[in-house]
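A short write-up of the structure that comes next.
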Amino acid sequence: MSSHGGQPFPLSKLAFMYVKKIAQPIARRIAEKARRDERFKMYICLPPANLYHFYETKIKFRFMNIGKVRLTKVPKLNEKAAIELGSNLAAEMLIMSAASAIALNELRKYKQREKETDERLEGETAELHDHLEALNRIVEMQNTDIDRLTDILKMYKKKLEEYEDSDS
């Protein structure tokens with residue numbers, strides 16, 4: 001735990017509060033659409049709200065151990081509360097989906113940049129390796145030339161010694 005008022009992740013709480021604040025105008029529009037359009041209300045707005053309410057109630061009862069009573073039937077939300085909850089869930093899901101899409105796009109671009117950097121470094125390494133091999137061949141040729149020159153020098157030195165011996 002941290003010293004931030006018992007909140008282990010205060011930045012995550014701040015981020016979720018920000019998402020909720022941004023989602024409010026969208027949620028109002030979704031709620032208005034649900035009030036006007038029966039199909040939208042029945043298929044888009046109410047099912048997630050009822051599902052969320054069902055599981056939230058089940059989980060709360062289980063964690064609170066209210067009198068060891070097993071909850072057999074979860075009471076339904078009234079339509080107004082369900083529309084509000086459904087519109088809030090839909091708006092927050094929209095915002096989180098957009099944020100996730102942006103984050104995934106940034107991740108994809110980052111991975112592409114990393115791949116390009118790796119390919120560039122791999123190309124430079126291969127080029128350096130090729131240059132090193134070329135330099136090694138040049139050094140080998142020069143060593144061969146030095147050996148030949150050394151042999152020629154020894155031959156001339158021997159001939160010079162023979163010539164000097166013959167003159168003396």
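Letters for chains follow the order of the structure tokens (A, B, ...), residue numbers begin at 1 for each chain, and ligand numbers begin at 1 in the order shown.
Neighbours of range 20-31 of chain A closer than or equal to 9 Å, with only C-alpha atoms counted and sequence neighbours fewer than 3 positions away skipped, come out as A:Ala15, A:Phe16, A:Met17, A:Ala34, A:Arg35, A:Arg36, A:Lys41, A:Cys45, A:Ile83, A:Glu84, A:Leu85, A:Gly86, A:Ser87, A:Asn88, A:Leu89, A:Ala90, A:Ala91, A:Glu92, A:Met93, A:Leu94, A:Ile95.
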**Report entry** Nearest to Lys76 in chain A by atom-to-atom distance, counting only C-alpha atoms, from A:His53, A:Arg108, A:His131, A:Lys115
**Finding:**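 Using only C-alpha atoms, the shortest distance to Lys76 in chain A belongs to A:His53.
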